[in-house]
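Next up, input-v5.txt (compact mmCIF, C-alpha atoms and all ligand atoms):
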# COMPACT_ATOMS: atom_id res chain seq x y z
CA MET A 1445 -9.62 20.45 -10.33
CA LYS A 1446 -6.21 19.77 -8.83
CA ALA A 1447 -4.57 16.37 -9.23
CA PRO A 1448 -4.83 14.31 -6.04
CA ARG A 1449 -1.75 13.37 -4.08
CA VAL A 1450 -0.94 9.73 -4.97
CA TRP A 1451 0.16 7.22 -2.35
CA LEU A 1452 1.65 3.78 -3.02
CA ALA A 1453 -0.41 1.20 -1.09
CA PRO A 1454 1.32 -1.52 0.91
CA LEU A 1455 1.41 -4.93 -0.79
CA ARG A 1456 3.13 -7.49 1.37
CA GLY A 1457 5.81 -9.34 -0.60
CA VAL A 1458 5.77 -6.72 -3.38
CA THR A 1459 6.11 -3.07 -2.31
CA LEU A 1460 9.16 -3.78 -0.16
CA ALA A 1461 12.12 -1.42 0.22
CA PRO A 1462 13.80 -2.28 -3.13
CA PHE A 1463 10.51 -1.82 -5.01
CA ARG A 1464 9.73 1.50 -3.31
CA LYS A 1465 13.23 2.81 -3.86
CA ARG A 1466 13.23 1.92 -7.56
CA LEU A 1467 9.72 3.31 -8.02
CA PHE A 1468 10.67 6.64 -6.46
CA ALA A 1469 13.90 6.75 -8.49
CA SER A 1470 12.42 5.73 -11.85
CA TYR A 1471 8.95 7.31 -11.88
CA GLY A 1472 7.30 10.53 -10.84
CA GLY A 1473 3.98 11.38 -9.27
CA VAL A 1474 4.01 9.14 -6.19
CA SER A 1475 4.35 11.38 -3.18
CA ALA A 1476 4.60 8.75 -0.42
CA ALA A 1477 4.11 5.10 0.46
CA VAL A 1478 2.75 3.10 3.36
CA ALA A 1479 5.03 0.08 3.85
CA PRO A 1480 3.68 -3.49 4.21
CA PHE A 1481 2.70 -4.44 7.74
CA VAL A 1482 4.92 -5.63 10.55
CA PRO A 1483 3.12 -7.86 13.11
CA LEU A 1484 3.14 -6.38 16.61
CA GLY A 1485 3.15 -9.48 18.77
CA THR A 1486 1.74 -9.30 22.27
CA GLY A 1487 3.90 -6.79 24.09
CA THR A 1488 5.34 -9.38 26.45
CA SER A 1489 8.32 -9.83 24.16
CA LYS A 1490 9.87 -6.56 23.03
CA ILE A 1491 9.62 -5.84 19.32
CA PRO A 1492 13.17 -5.72 17.99
CA ARG A 1493 14.42 -2.90 15.77
CA ARG A 1494 15.21 -5.49 13.10
CA ALA A 1495 11.49 -6.24 12.75
CA PHE A 1496 11.42 -2.89 10.91
CA ALA A 1497 14.42 -3.68 8.69
CA ASP A 1498 12.34 -3.03 5.57
CA VAL A 1499 11.75 0.63 6.47
CA LEU A 1500 14.78 1.65 8.54
CA GLU A 1501 16.60 3.19 5.56
CA ASP A 1502 13.59 5.42 4.91
CA ALA A 1503 13.66 7.10 8.32
CA GLY A 1504 13.63 10.86 7.92
CA SER A 1505 12.89 10.73 4.17
CA GLY A 1506 9.24 11.60 4.73
CA LEU A 1507 8.43 9.20 1.86
CA VAL A 1508 7.56 6.04 3.74
CA VAL A 1509 5.12 5.43 6.60
CA PRO A 1510 5.72 2.18 8.52
CA GLN A 1511 2.66 0.04 9.17
CA VAL A 1512 1.93 -2.38 12.01
CA ILE A 1513 -0.82 -4.93 12.57
CA GLY A 1514 -2.06 -6.22 15.91
CA ARG A 1515 -4.39 -5.53 18.83
CA ASP A 1516 -2.14 -5.08 21.83
CA PRO A 1517 -1.82 -1.40 22.83
CA ALA A 1518 1.36 -2.02 24.87
CA ALA A 1519 2.98 -3.61 21.82
CA LEU A 1520 1.85 -0.67 19.69
CA ARG A 1521 3.47 1.81 22.12
CA GLU A 1522 6.61 -0.31 22.07
CA ALA A 1523 6.74 -0.34 18.26
CA ALA A 1524 6.13 3.41 18.11
CA ALA A 1525 9.03 3.98 20.52
CA VAL A 1526 11.35 1.83 18.38
CA LEU A 1527 10.30 3.75 15.26
CA ARG A 1528 10.64 7.17 16.93
CA ASP A 1529 14.16 6.21 18.03
CA ALA A 1530 14.90 5.19 14.45
CA GLY A 1531 13.84 8.66 13.24
CA PHE A 1532 10.21 8.14 12.18
CA SER A 1533 7.40 10.52 13.06
CA HIS A 1534 4.61 8.62 11.29
CA LEU A 1535 2.99 5.25 11.92
CA ASN A 1536 0.00 3.50 10.35
CA LEU A 1537 -2.20 0.85 11.94
CA ASN A 1538 -3.59 -1.85 9.65
CA CYS A 1539 -7.35 -2.21 10.30
CA GLY A 1540 -8.03 -3.72 6.90
CA CYS A 1541 -6.20 -7.03 6.45
CA PRO A 1542 -8.90 -9.46 5.26
CA TRP A 1543 -7.13 -12.79 5.80
CA LYS A 1544 -9.28 -15.06 7.96
CA PHE A 1545 -6.49 -16.18 10.26
CA VAL A 1546 -5.65 -12.53 10.97
CA ALA A 1547 -9.18 -11.12 11.20
CA ARG A 1548 -10.46 -13.98 13.37
CA LYS A 1549 -7.87 -13.03 15.98
CA GLY A 1550 -9.33 -9.53 16.03
CA ARG A 1551 -6.48 -8.05 13.98
CA GLY A 1552 -6.57 -6.20 10.67
CA SER A 1553 -10.19 -5.86 9.55
CA GLY A 1554 -11.12 -8.00 12.60
CA LEU A 1555 -10.30 -4.99 14.80
CA LEU A 1556 -13.30 -3.22 13.25
CA GLU A 1557 -15.56 -5.75 15.02
CA ASP A 1558 -14.19 -4.93 18.48
CA ARG A 1559 -14.87 -1.32 19.41
CA ASP A 1560 -13.09 -1.41 22.76
CA ALA A 1561 -9.94 -3.02 21.41
CA LEU A 1562 -9.93 -0.51 18.53
CA ALA A 1563 -10.36 2.40 20.96
CA ARG A 1564 -7.40 1.21 23.02
CA MET A 1565 -5.25 0.94 19.89
CA LEU A 1566 -6.27 4.41 18.68
CA GLU A 1567 -5.46 5.90 22.07
CA ALA A 1568 -2.08 4.15 22.23
CA GLY A 1569 -1.16 5.09 18.66
CA CYS A 1570 -2.11 8.77 18.98
CA GLU A 1571 -0.22 9.07 22.26
CA ALA A 1572 2.87 7.18 21.10
CA MET A 1573 3.19 8.87 17.67
CA PRO A 1574 1.67 12.29 18.32
CA GLY A 1575 0.45 14.03 15.18
CA GLY A 1576 1.67 11.20 12.96
CA PHE A 1577 -0.66 8.29 13.64
CA SER A 1578 -2.95 7.12 10.83
CA VAL A 1579 -5.17 4.09 10.21
CA LYS A 1580 -5.97 2.08 7.09
CA VAL A 1581 -9.48 0.64 7.22
CA ARG A 1582 -11.98 -1.40 5.23
CA LEU A 1583 -15.75 -1.01 5.57
CA GLY A 1584 -15.79 -3.77 8.16
CA TYR A 1585 -14.89 -7.45 8.38
CA ARG A 1586 -18.31 -9.01 7.63
CA ASP A 1587 -20.59 -6.00 7.89
CA ALA A 1588 -20.15 -2.94 5.65
CA ALA A 1589 -22.08 -0.91 8.23
CA ALA A 1590 -19.24 -1.32 10.75
CA LEU A 1591 -17.13 1.60 9.53
CA PRO A 1592 -19.89 4.25 9.49
CA SER A 1593 -20.81 3.26 13.03
CA LEU A 1594 -17.15 3.53 14.11
CA VAL A 1595 -16.55 7.01 12.65
CA PRO A 1596 -17.65 8.84 15.84
CA LEU A 1597 -15.09 6.77 17.75
CA LEU A 1598 -12.37 7.45 15.17
CA ASN A 1599 -13.26 11.15 15.21
CA GLY A 1600 -12.55 11.22 18.94
CA PHE A 1601 -8.83 10.78 18.25
CA PRO A 1602 -6.42 13.19 16.56
CA LEU A 1603 -5.67 10.90 13.61
CA GLU A 1604 -3.27 12.28 11.03
CA ARG A 1605 -5.35 10.71 8.25
CA VAL A 1606 -7.52 7.71 7.41
CA PHE A 1607 -6.98 5.50 4.36
CA VAL A 1608 -10.29 3.91 3.36
CA HIS A 1609 -10.56 0.83 1.16
CA PRO A 1610 -14.31 0.43 0.57
CA ARG A 1611 -14.64 -3.34 0.67
CA THR A 1612 -15.40 -5.63 3.61
CA GLY A 1613 -12.80 -8.13 4.79
CA VAL A 1614 -14.83 -11.15 3.67
CA GLN A 1615 -14.99 -9.64 0.18
CA MET A 1616 -11.18 -9.92 0.01
CA TYR A 1617 -10.51 -8.35 -3.41
CA GLY A 1618 -13.65 -9.61 -5.15
CA GLY A 1619 -16.11 -7.43 -7.02
CA ARG A 1620 -15.50 -3.72 -7.27
CA ALA A 1621 -14.50 -1.29 -4.51
CA ASP A 1622 -17.80 0.18 -3.31
CA GLU A 1623 -17.64 3.87 -4.20
CA ASP A 1624 -21.26 4.37 -3.07
CA ALA A 1625 -20.41 3.04 0.40
CA PHE A 1626 -17.39 5.35 0.40
CA ALA A 1627 -19.68 8.27 -0.53
CA ARG A 1628 -21.76 7.60 2.58
CA VAL A 1629 -18.84 7.40 5.00
CA PHE A 1630 -16.39 9.97 3.58
CA PRO A 1631 -18.23 13.12 4.74
CA LEU A 1632 -18.45 11.79 8.30
CA PHE A 1633 -14.70 11.82 8.98
CA ALA A 1634 -13.00 14.62 10.92
CA ALA A 1635 -9.51 13.53 9.76
CA PRO A 1636 -8.23 13.89 6.17
CA VAL A 1637 -9.31 10.89 4.08
CA VAL A 1638 -7.36 9.06 1.36
CA TYR A 1639 -9.38 6.88 -1.05
CA ASN A 1640 -7.97 3.42 -1.80
CA GLY A 1641 -9.32 0.72 -4.08
CA ASP A 1642 -9.28 -0.28 -7.76
CA VAL A 1643 -7.55 2.83 -9.09
CA PHE A 1644 -6.03 1.19 -12.16
CA SER A 1645 -6.17 4.04 -14.67
CA PRO A 1646 -6.11 7.86 -14.84
CA GLU A 1647 -9.85 7.67 -15.61
CA ASP A 1648 -10.43 5.90 -12.28
CA ALA A 1649 -8.51 8.65 -10.48
CA VAL A 1650 -10.40 11.42 -12.29
CA ARG A 1651 -13.74 9.77 -11.48
CA VAL A 1652 -12.90 9.35 -7.79
CA ALA A 1653 -11.38 12.83 -7.37
CA SER A 1654 -14.34 14.48 -9.15
CA ARG A 1655 -16.91 12.58 -7.16
CA PHE A 1656 -15.17 13.27 -3.84
CA PRO A 1657 -13.83 16.82 -3.74
CA GLY A 1658 -11.96 17.39 -0.51
CA LEU A 1659 -10.17 14.05 -0.63
CA ASP A 1660 -6.71 14.18 0.92
CA GLY A 1661 -5.38 11.88 -1.79
CA ILE A 1662 -5.67 8.59 -3.64
CA MET A 1663 -3.80 5.42 -2.76
CA ALA A 1664 -3.05 2.84 -5.45
CA GLY A 1665 -1.57 -0.61 -4.92
CA ARG A 1666 -2.12 -3.16 -7.67
CA GLY A 1667 -2.54 -0.39 -10.26
CA LEU A 1668 0.90 1.08 -9.56
CA CYS A 1669 2.53 -2.36 -9.41
CA ALA A 1670 1.02 -3.20 -12.80
CA ARG A 1671 1.87 0.15 -14.39
CA PRO A 1672 4.45 2.08 -12.41
CA ASP A 1673 3.84 5.17 -14.58
CA LEU A 1674 0.23 5.34 -13.35
CA ALA A 1675 0.82 8.35 -11.07
CA GLU A 1676 2.49 10.26 -13.91
CA ARG A 1677 -0.48 9.54 -16.17
CA ILE A 1678 -2.86 10.61 -13.39
CA ALA A 1679 -1.07 13.99 -13.15
CA ALA A 1680 -1.29 14.35 -16.95
CA ALA A 1681 -5.02 13.60 -16.87
CA PHE A 1682 -5.41 16.63 -14.61
CA GLY A 1683 -3.26 18.73 -16.96
CA GLU A 1684 -0.40 18.85 -14.46
CA THR A 1685 3.23 17.82 -14.45
CA PRO A 1686 3.87 15.01 -11.98
CA SER A 1687 5.13 15.92 -8.55
CA PRO A 1688 7.67 14.66 -7.68
CA ALA A 1689 9.00 14.89 -11.24
CA PRO A 1690 10.09 11.77 -13.16
CA PRO A 1691 13.85 11.41 -13.74
CA PRO A 1692 15.30 13.42 -16.65
CA GLY A 1693 14.79 11.74 -20.01
CA ALA A 1694 11.86 9.62 -18.85
CA ALA A 1695 9.39 11.36 -21.15
CA ALA A 1696 11.36 10.30 -24.23
CA ARG A 1697 11.14 6.59 -23.35
CA GLY A 1698 8.16 4.32 -23.91
CA ALA A 1699 6.17 2.80 -21.04
CA ARG A 1700 7.31 -0.75 -21.90
CA GLU A 1701 10.96 0.21 -22.12
CA ARG A 1702 10.75 1.99 -18.79
CA ALA A 1703 8.93 -0.91 -17.13
CA ALA A 1704 11.55 -3.35 -18.46
CA ALA A 1705 14.41 -1.20 -17.13
CA PHE A 1706 12.60 -0.85 -13.80
CA ALA A 1707 12.19 -4.64 -13.53
CA SER A 1708 15.83 -5.38 -14.47
CA ALA A 1709 17.14 -2.93 -11.89
CA LEU A 1710 14.80 -4.35 -9.30
CA GLU A 1711 15.89 -7.90 -10.06
CA GLU A 1712 19.51 -6.87 -9.43
CA ASP A 1713 18.49 -5.27 -6.14
CA TYR A 1714 16.62 -8.41 -5.07
CA ALA A 1715 19.49 -10.69 -6.11
CA ARG A 1716 21.74 -8.69 -3.78
CA VAL A 1717 19.51 -9.02 -0.71
CA LEU A 1718 17.89 -12.45 -1.18
CA PHE A 1719 19.76 -15.68 -0.65
CA GLY A 1720 19.54 -18.24 -3.42
CA PRO A 1721 17.41 -18.76 -6.53
CA ALA A 1722 14.18 -19.91 -4.80
CA PRO A 1723 13.46 -16.69 -2.85
CA LEU A 1724 14.49 -14.63 -5.89
CA LEU A 1725 12.14 -16.63 -8.12
CA GLY A 1726 9.28 -16.17 -5.64
CA ARG A 1727 9.81 -12.42 -5.37
CA LEU A 1728 10.05 -12.01 -9.15
CA LYS A 1729 6.87 -14.01 -9.73
CA GLU A 1730 5.02 -11.72 -7.31
CA LEU A 1731 6.38 -8.68 -9.14
CA TRP A 1732 5.60 -9.94 -12.63
CA GLY A 1733 2.13 -11.07 -11.51
CA TYR A 1734 1.35 -7.35 -11.61
CA LEU A 1735 3.96 -5.83 -13.92
CA HIS A 1736 3.11 -8.08 -16.90
CA ALA A 1737 0.15 -5.73 -17.51
CA SER A 1738 2.61 -3.06 -18.68
CA PHE A 1739 3.38 -5.29 -21.68
CA GLU A 1740 -0.23 -5.99 -22.65
CA THR A 1741 0.49 -9.49 -23.88
CA GLY A 1742 -2.46 -11.13 -22.19
CA ASP A 1743 -2.49 -14.17 -19.92
CA ASP A 1744 -0.20 -16.45 -21.95
CA GLY A 1745 2.90 -14.47 -21.07
CA LEU A 1746 1.91 -14.41 -17.43
CA ARG A 1747 1.28 -18.18 -17.37
CA ARG A 1748 4.77 -18.81 -18.73
CA ILE A 1749 6.25 -16.58 -16.02
CA GLN A 1750 4.24 -18.35 -13.34
CA ARG A 1751 5.32 -21.79 -14.58
CA SER A 1752 9.04 -20.88 -14.46
CA ARG A 1753 11.04 -23.11 -12.15
CA THR A 1754 14.24 -21.06 -12.07
CA PRO A 1755 15.15 -17.38 -12.37
CA ASP A 1756 16.66 -18.20 -15.80
CA GLU A 1757 13.38 -19.68 -17.03
CA LEU A 1758 11.61 -16.61 -15.71
CA ARG A 1759 14.06 -14.32 -17.50
CA ALA A 1760 13.34 -16.18 -20.75
CA ALA A 1761 9.60 -15.83 -20.19
CA VAL A 1762 10.04 -12.13 -19.50
CA ALA A 1763 12.18 -11.71 -22.63
CA ALA A 1764 9.33 -13.27 -24.64
CA LEU A 1765 6.94 -10.80 -23.05
CA ARG A 1766 9.17 -7.94 -24.08
CA ALA A 1767 9.83 -9.18 -27.61
C1 LIG A 1801 -0.71 -9.16 -2.18
C2 LIG A 1801 -1.30 -8.05 -1.34
C3 LIG A 1801 -0.68 -7.70 -0.15
C4 LIG A 1801 -1.22 -6.67 0.65
N1 LIG A 1801 -0.56 -6.30 1.80
C5 LIG A 1801 -1.07 -5.27 2.56
C6 LIG A 1801 -0.39 -4.81 3.74
O1 LIG A 1801 0.69 -5.29 4.13
N2 LIG A 1801 -0.97 -3.80 4.43
C7 LIG A 1801 -2.16 -3.21 4.04
O2 LIG A 1801 -2.65 -2.29 4.70
N3 LIG A 1801 -2.80 -3.63 2.93
C8 LIG A 1801 -2.27 -4.61 2.18
N4 LIG A 1801 -2.91 -4.97 1.03
C9 LIG A 1801 -4.08 -4.18 0.57
C10 LIG A 1801 -3.63 -3.02 -0.33
O3 LIG A 1801 -2.82 -2.11 0.38
C11 LIG A 1801 -4.84 -2.25 -0.88
O4 LIG A 1801 -5.62 -1.79 0.18
C12 LIG A 1801 -5.70 -3.12 -1.80
O5 LIG A 1801 -4.90 -3.85 -2.71
C13 LIG A 1801 -6.70 -2.26 -2.57
O6 LIG A 1801 -6.02 -1.26 -3.30
P1 LIG A 1801 -5.69 -1.44 -4.88
O7 LIG A 1801 -7.00 -1.78 -5.54
O8 LIG A 1801 -5.16 -0.09 -5.28
O9 LIG A 1801 -4.70 -2.54 -5.01
C14 LIG A 1801 -2.41 -6.00 0.24
C15 LIG A 1801 -3.02 -6.37 -0.96
C16 LIG A 1801 -2.49 -7.38 -1.75
C17 LIG A 1801 -3.19 -7.73 -3.04

Show me this structure written as structure tokens.
Ligand SMILES: Cc1cc2nc3c(=O)[nH]c(=O)nc-3n(C[C@H](O)[C@H](O)[C@H](O)COP(=O)(O)O)c2cc1C
Amino acid sequence: MKAPRVWLAPLRGVTLAPFRKRLFASYGGVSAAVAPFVPLGTGTSKIPRRAFADVLEDAGSGLVVPQVIGRDPAALREAAAVLRDAGFSHLNLNCGCPWKFVARKGRGSGLLEDRDALARMLEAGCEAMPGGFSVKVRLGYRDAAALPSLVPLLNGFPLERVFVHPRTGVQMYGGRADEDAFARVFPLFAAPVVYNGDVFSPEDAVRVASRFPGLDGIMAGRGLCARPDLAERIAAAFGETPSPAPPPGAAARGARERAAAFASALEEDYARVLFGPAPLLGRLKELWGYLHASFETGDDGLRRIQRSRTPDELRAAVAALRA
């Protein structure tokens, strides 16, 4: 069996441009990323190019797919035009965000409860980003039967691919991703399907890829943020060398050493683009909330990081983690 293509999932506040850049530079095996969502607005006010500041540098790289969230087809066309002008040929629509205040407005996973609004968005997206429009979906907002019943609608549009996270919106991130529900819906799709949810180890990837031959790939979010070498280890579990390859010399260094170097470089990047200690502290706490797992020191180390009141305190907590 061939190793699946691995995508980095969007995590708002974490997988931003500096993170993606460092991940691609420091590790192998991740072939592309979907960027965290940009809200569309209503279409009455034009979406400015700067709304996409996080992805603009990636235009033309083929590595990063911008994502938007919303329910206004005119705003979606507008955003697609801005992104096409910036050099992008791919766009993803978020139909999975579980947050109540988003879903209740019929956005994110809420869009899965409104067939007509979803149809209008699919039509607008496929027309405005021909050949490069994809969607990221959950099973539904409240009802896990929503997605299977929407597949005929989705199949009526030339979607580039569908990313499926088999949980409902109300489940948030609780319990386990429902691989049995995925098994029921996966064969129904006309478009290529990427599996997303709870891939934290190479064993998870092997299990999913073996159970679902024909998958277009696997998308990992929290797993890759916790252990950025996950995609390399997934390739190894399939007896392959990672593609893209890790940087030269990576194989000779331990996972902890590499994670520490990755985090230090990323901190420097963040310090350059964020203003003041408070935003830097916030961003680093988000990062370490996942990355601490690479150091296997349990919850004490994480608690100390989370209690830090300044970047210096956080650095000391991180140093203790690495000791
Ligand atoms: C903090 C956080 C932020 C997220 N932000 C986004 C987002 O901007 N767009 C999106 O489609 N999904 C977002 N997600 C969902 C993830 O992309 C992914 O679907 C989910 O975490 C399940 O995959 P995983 O188990 O590999 O992490 C977010 C998840 C978390 C935990």

Select all residues near (15.2, 2.2, -6.4) (cut-off 12 Å, inclusive, file coordinates), counting only C-alpha atoms, and output them as a ChimeraX atom specification.
/A:1459-1471,1502,1691,1705-1714

Computed gap from atom CA of Asp1558 of chain A to atom CA of Val1643 of chain A is 29.4 Å

Each residue of chain A lying at most 9 Å from ligand LIG 1801 (chain A) should get a row with its shortest atom-to-atom pair and the distance in Å to one decimal, counting all atoms listed in the file; could you produce that, ordered by chain and increasing number, as CSV?
residue,atom,partner,partner_atom,distance
A:Leu1452,CA,A:LIG1801,O3,8.1
A:Ala1453,CA,A:LIG1801,O3,4.4
A:Pro1454,CA,A:LIG1801,O3,4.2
A:Leu1455,CA,A:LIG1801,C4,3.5
A:Arg1456,CA,A:LIG1801,N1,3.9
A:Gly1457,CA,A:LIG1801,C3,6.7
A:Val1458,CA,A:LIG1801,C1,7.0
A:Thr1459,CA,A:LIG1801,N1,8.5
A:Val1478,CA,A:LIG1801,O2,7.7
A:Ala1479,CA,A:LIG1801,O1,6.9
A:Pro1480,CA,A:LIG1801,O1,3.5
A:Phe1481,CA,A:LIG1801,O1,4.2
A:Val1482,CA,A:LIG1801,O1,7.7
A:Gln1511,CA,A:LIG1801,N2,7.1
A:Val1512,CA,A:LIG1801,N2,8.2
A:Ile1513,CA,A:LIG1801,N2,8.2
A:Asn1536,CA,A:LIG1801,O2,8.5
A:Leu1537,CA,A:LIG1801,O2,7.9
A:Asn1538,CA,A:LIG1801,O2,5.1
A:Cys1539,CA,A:LIG1801,O2,7.3
A:Gly1540,CA,A:LIG1801,O2,6.0
A:Cys1541,CA,A:LIG1801,N3,6.0
A:Pro1542,CA,A:LIG1801,C9,8.6
A:Gly1552,CA,A:LIG1801,O2,8.1
A:Val1579,CA,A:LIG1801,O2,8.8
A:Lys1580,CA,A:LIG1801,O2,6.0
A:Val1581,CA,A:LIG1801,O2,7.8
A:Arg1582,CA,A:LIG1801,O4,8.1
A:Phe1607,CA,A:LIG1801,O4,8.5
A:Val1608,CA,A:LIG1801,O4,8.0
A:His1609,CA,A:LIG1801,O4,5.7
A:Pro1610,CA,A:LIG1801,C13,8.7
A:Arg1611,CA,A:LIG1801,C13,8.6
A:Met1616,CA,A:LIG1801,C17,8.8
A:Tyr1617,CA,A:LIG1801,O5,7.2
A:Arg1620,CA,A:LIG1801,O7,8.9
A:Ala1621,CA,A:LIG1801,O7,7.6
A:Asn1640,CA,A:LIG1801,O6,5.3
A:Gly1641,CA,A:LIG1801,O7,3.7
A:Asp1642,CA,A:LIG1801,O7,3.5
A:Val1643,CA,A:LIG1801,O8,5.4
A:Phe1644,CA,A:LIG1801,O8,7.1
A:Ile1662,CA,A:LIG1801,O8,8.8
A:Met1663,CA,A:LIG1801,O8,6.2
A:Ala1664,CA,A:LIG1801,O8,3.6
A:Gly1665,CA,A:LIG1801,O8,3.6
A:Arg1666,CA,A:LIG1801,O9,3.8
A:Gly1667,CA,A:LIG1801,O8,5.6
A:Leu1668,CA,A:LIG1801,O8,7.5
A:Cys1669,CA,A:LIG1801,O9,8.5
A:Glu1730,CA,A:LIG1801,C1,8.1

The selected residues should be written to file as a PDB file, in the frame of the given file (atoms: C-alpha atoms).
ATOM      1  CA  LEU A1452       1.650   3.780  -3.020  1.00  0.00           C
ATOM      2  CA  ALA A1453      -0.410   1.200  -1.090  1.00  0.00           C
ATOM      3  CA  PRO A1454       1.320  -1.520   0.910  1.00  0.00           C
ATOM      4  CA  LEU A1455       1.410  -4.930  -0.790  1.00  0.00           C
ATOM      5  CA  ARG A1456       3.130  -7.490   1.370  1.00  0.00           C
ATOM      6  CA  GLY A1457       5.810  -9.340  -0.600  1.00  0.00           C
ATOM      7  CA  VAL A1458       5.770  -6.720  -3.380  1.00  0.00           C
ATOM      8  CA  THR A1459       6.110  -3.070  -2.310  1.00  0.00           C
ATOM      9  CA  VAL A1478       2.750   3.100   3.360  1.00  0.00           C
ATOM     10  CA  ALA A1479       5.030   0.080   3.850  1.00  0.00           C
ATOM     11  CA  PRO A1480       3.680  -3.490   4.210  1.00  0.00           C
ATOM     12  CA  PHE A1481       2.700  -4.440   7.740  1.00  0.00           C
ATOM     13  CA  VAL A1482       4.920  -5.630  10.550  1.00  0.00           C
ATOM     14  CA  GLN A1511       2.660   0.040   9.170  1.00  0.00           C
ATOM     15  CA  VAL A1512       1.930  -2.380  12.010  1.00  0.00           C
ATOM     16  CA  ILE A1513      -0.820  -4.930  12.570  1.00  0.00           C
ATOM     17  CA  ASN A1536       0.000   3.500  10.350  1.00  0.00           C
ATOM     18  CA  LEU A1537      -2.200   0.850  11.940  1.00  0.00           C
ATOM     19  CA  ASN A1538      -3.590  -1.850   9.650  1.00  0.00           C
ATOM     20  CA  CYS A1539      -7.350  -2.210  10.300  1.00  0.00           C
ATOM     21  CA  GLY A1540      -8.030  -3.720   6.900  1.00  0.00           C
ATOM     22  CA  CYS A1541      -6.200  -7.030   6.450  1.00  0.00           C
ATOM     23  CA  PRO A1542      -8.900  -9.460   5.260  1.00  0.00           C
ATOM     24  CA  GLY A1552      -6.570  -6.200  10.670  1.00  0.00           C
ATOM     25  CA  VAL A1579      -5.170   4.090  10.210  1.00  0.00           C
ATOM     26  CA  LYS A1580      -5.970   2.080   7.090  1.00  0.00           C
ATOM     27  CA  VAL A1581      -9.480   0.640   7.220  1.00  0.00           C
ATOM     28  CA  ARG A1582     -11.980  -1.400   5.230  1.00  0.00           C
ATOM     29  CA  PHE A1607      -6.980   5.500   4.360  1.00  0.00           C
ATOM     30  CA  VAL A1608     -10.290   3.910   3.360  1.00  0.00           C
ATOM     31  CA  HIS A1609     -10.560   0.830   1.160  1.00  0.00           C
ATOM     32  CA  PRO A1610     -14.310   0.430   0.570  1.00  0.00           C
ATOM     33  CA  ARG A1611     -14.640  -3.340   0.670  1.00  0.00           C
ATOM     34  CA  MET A1616     -11.180  -9.920   0.010  1.00  0.00           C
ATOM     35  CA  TYR A1617     -10.510  -8.350  -3.410  1.00  0.00           C
ATOM     36  CA  ARG A1620     -15.500  -3.720  -7.270  1.00  0.00           C
ATOM     37  CA  ALA A1621     -14.500  -1.290  -4.510  1.00  0.00           C
ATOM     38  CA  ASN A1640      -7.970   3.420  -1.800  1.00  0.00           C
ATOM     39  CA  GLY A1641      -9.320   0.720  -4.080  1.00  0.00           C
ATOM     40  CA  ASP A1642      -9.280  -0.280  -7.760  1.00  0.00           C
ATOM     41  CA  VAL A1643      -7.550   2.830  -9.090  1.00  0.00           C
ATOM     42  CA  PHE A1644      -6.030   1.190 -12.160  1.00  0.00           C
ATOM     43  CA  ILE A1662      -5.670   8.590  -3.640  1.00  0.00           C
ATOM     44  CA  MET A1663      -3.800   5.420  -2.760  1.00  0.00           C
ATOM     45  CA  ALA A1664      -3.050   2.840  -5.450  1.00  0.00           C
ATOM     46  CA  GLY A1665      -1.570  -0.610  -4.920  1.00  0.00           C
ATOM     47  CA  ARG A1666      -2.120  -3.160  -7.670  1.00  0.00           C
ATOM     48  CA  GLY A1667      -2.540  -0.390 -10.260  1.00  0.00           C
ATOM     49  CA  LEU A1668       0.900   1.080  -9.560  1.00  0.00           C
ATOM     50  CA  CYS A1669       2.530  -2.360  -9.410  1.00  0.00           C
ATOM     51  CA  GLU A1730       5.020 -11.720  -7.310  1.00  0.00           C
TER      52      GLU A1730
END

Could you work out an axis-aligned box for segment 1493-1501 of chain A, taking every atom the file lists and adding 5 Å on each side, and report centre and edge lengths in Å to one decimal, as JSON?
{"center_x": 14.0, "center_y": -1.5, "center_z": 10.7, "size_x": 15.2, "size_y": 19.4, "size_z": 20.2}

Would you mind reading off the distance between atom CA of Asp1622 of chain A and atom CA of Ala1477 of chain A, one decimal, in Å?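 Those two atoms sit 22.8 Å apart.
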
One decimal place gives the atom CA of Leu1594 of chain A-atom CA of Ala1561 of chain A separation as 12.2 Å

**Prompt:** Which residues, written as a list in words, have at least one atom at most 12 Å from Glu1740 of chain A, with only C-alpha atoms counted and residues fewer than 5 positions away on the same chain left out?
**Reply:**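 Using only C-alpha atoms, the neighbours found are Ala1670, Arg1671, Ala1699, Arg1700, Ala1703, Tyr1734, Leu1735, Gly1745, Leu1746, Leu1765, Arg1766 and Ala1767 of chain A.
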
Those residues with C-alpha atoms, as a PDB file, in the frame of the given file please?
ATOM      1  CA  ALA A1670       1.020  -3.200 -12.800  1.00  0.00           C
ATOM      2  CA  ARG A1671       1.870   0.150 -14.390  1.00  0.00           C
ATOM      3  CA  ALA A1699       6.170   2.800 -21.040  1.00  0.00           C
ATOM      4  CA  ARG A1700       7.310  -0.750 -21.900  1.00  0.00           C
ATOM      5  CA  ALA A1703       8.930  -0.910 -17.130  1.00  0.00           C
ATOM      6  CA  TYR A1734       1.350  -7.350 -11.610  1.00  0.00           C
ATOM      7  CA  LEU A1735       3.960  -5.830 -13.920  1.00  0.00           C
ATOM      8  CA  GLY A1745       2.900 -14.470 -21.070  1.00  0.00           C
ATOM      9  CA  LEU A1746       1.910 -14.410 -17.430  1.00  0.00           C
ATOM     10  CA  LEU A1765       6.940 -10.800 -23.050  1.00  0.00           C
ATOM     11  CA  ARG A1766       9.170  -7.940 -24.080  1.00  0.00           C
ATOM     12  CA  ALA A1767       9.830  -9.180 -27.610  1.00  0.00           C
TER      13      ALA A1767
END

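Closest approach to Gly1473 of chain A among A:Ala1518, A:Ile1678, A:Leu1507, A:Ala1649 is made by A:Ile1678 (distances from all atoms listed in the file).
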